[in-house]
Amino acid sequence: MRKKVVAGNWKCNTSLQEGVELAKAVNELVTTKGAKDVVVVLGTPFTHITKVVETVDASRVGVASQNCAAEAKGAFTGEISASMVKSTGAGYVILGHSERREYYGETSETLNKKLALTLENGLTPIFCCGEPLEIREAGTQKEFVIKQLEETIFKLSADEFKKVIVAYEPIWAIGTGKTATTEQAQEMHKDLRDAMAAKFGQDVANEISILYGGSCNPKNANELFANPDVDGGLIGGASLKADDFLAIINAY
């Protein structure tokens, strides 16, 4: 069976002290009240990772970096390499988030370098894809998002691809309070799985967890997660409140 995954993306929020307290609260709730068949991941700012790794029960809560460098090492001031992420004890890296693509100009070529380094270091990529509002309104979202995959993770071998978690983020629903309907979410997730099957075969496609990443919250998580091709969520704002994050984890 595919893994059910709920990953928090804290983005550029919390001081180190606040982040550690949040991690403690999440860890306490997950270990005592959380659904045991759900993989829980905290995507913290890089400055927090080591302390958060030390704070959580690794058997129940994983930790992700929100990004990594496209180079292995060298004179790249301010960059954090995949091997550095690995050395912190983190197990995941969020790649290709719409904010990285839009604000920092990340291209498919850049993401392919990051993917290779992430996998080389034994880290699990949480790879984001999704369409902006104008593409959704034009009705070409399927072609747009599948092209994002064809230029990146579809270039991996089948064995490499099976190590990836995919997060579909309707960009028009991130931080706007808008949410895709359950029908829209399921339709796109199925389109993505069908494209995976066409590329790698149905057995491989059936192994890939596809997360929904567009304003998922305690009120809509049950309905979204009830879809057969929605395998969890990449959670933004709601992951900054331990009780809300637990409610989403337990939506299954």
# chains A, B, ... in the order shown; residues from 1 in each chain; ligands from 1
$ residues_around --residues "Ala7 (chain A)" --least-positions-apart "3" --cutoff "7 Å" --atoms "only C-alpha atoms" --output "VMD selection string"
chain A and resid 40 to 43 233 to 235
$ closest_atom_pairs --of "region 128-189 of chain A" --to "region 196-218 of chain A" --cutoff "6 Å" --atoms "only C-alpha atoms" --output "tab-separated table"
residue	atom	partner	partner_atom	distance
A:Ile165	CA	A:Ser209	CA	5.4
A:Val166	CA	A:Ile210	CA	4.8
A:Ala167	CA	A:Leu211	CA	4.4
A:Tyr168	CA	A:Tyr212	CA	5.2
A:Glu169	CA	A:Gly213	CA	4.3
A:Pro170	CA	A:Gly214	CA	5.7
A:Ala173	CA	A:Gly214	CA	5.0
A:Ile174	CA	A:Gly214	CA	4.9
A:Thr179	CA	A:Ser215	CA	5.8
$ closest_residue --among "A:Val145, A:Ile94, A:Ile171, A:Ala247" --to "Leu133 (chain A)" --atoms "only C-alpha atoms"
A:Ile171
$ closest_atom_pairs --of "region 180-249 of chain A" --to "region 57-75 of chain A" --cutoff "12 Å" --atoms "only C-alpha atoms" --output "Markdown table"
| residue | atom | partner | partner_atom | distance |
| --- | --- | --- | --- | --- |
| A:Leu234 | CA | A:Gln66 | CA | 11.6 |
| A:Gly236 | CA | A:Gln66 | CA | 11.7 |
| A:Leu246 | CA | A:Val61 | CA | 11.9 |
| A:Ile249 | CA | A:Val61 | CA | 11.5 |
$ select_by_dssp --residues "region 21-251 of chain A" --states "alpha helix (DSSP H)" --output "PyMOL selection string"
chain A and resi 21-33+49-55+82-88+98-104+108-120+133-138+141-150+158-161+182-200+202-205+221-225+242-249
$ closest_residue --among "A:Gln148, A:Thr110, A:Asp229, A:Lys4" --to "Glu183 (chain A)" --atoms "only C-alpha atoms"
A:Asp229
$ atom_distance --atom1 "CA of Lys241 (chain A)" --atom2 "CA of Glu131 (chain A)"
27.0 Å
$ select_by_dssp --residues "region 54-111 of chain A" --states "strand (DSSP E or B)" --output "number ranges by chain"
A: 61-65, 92-95
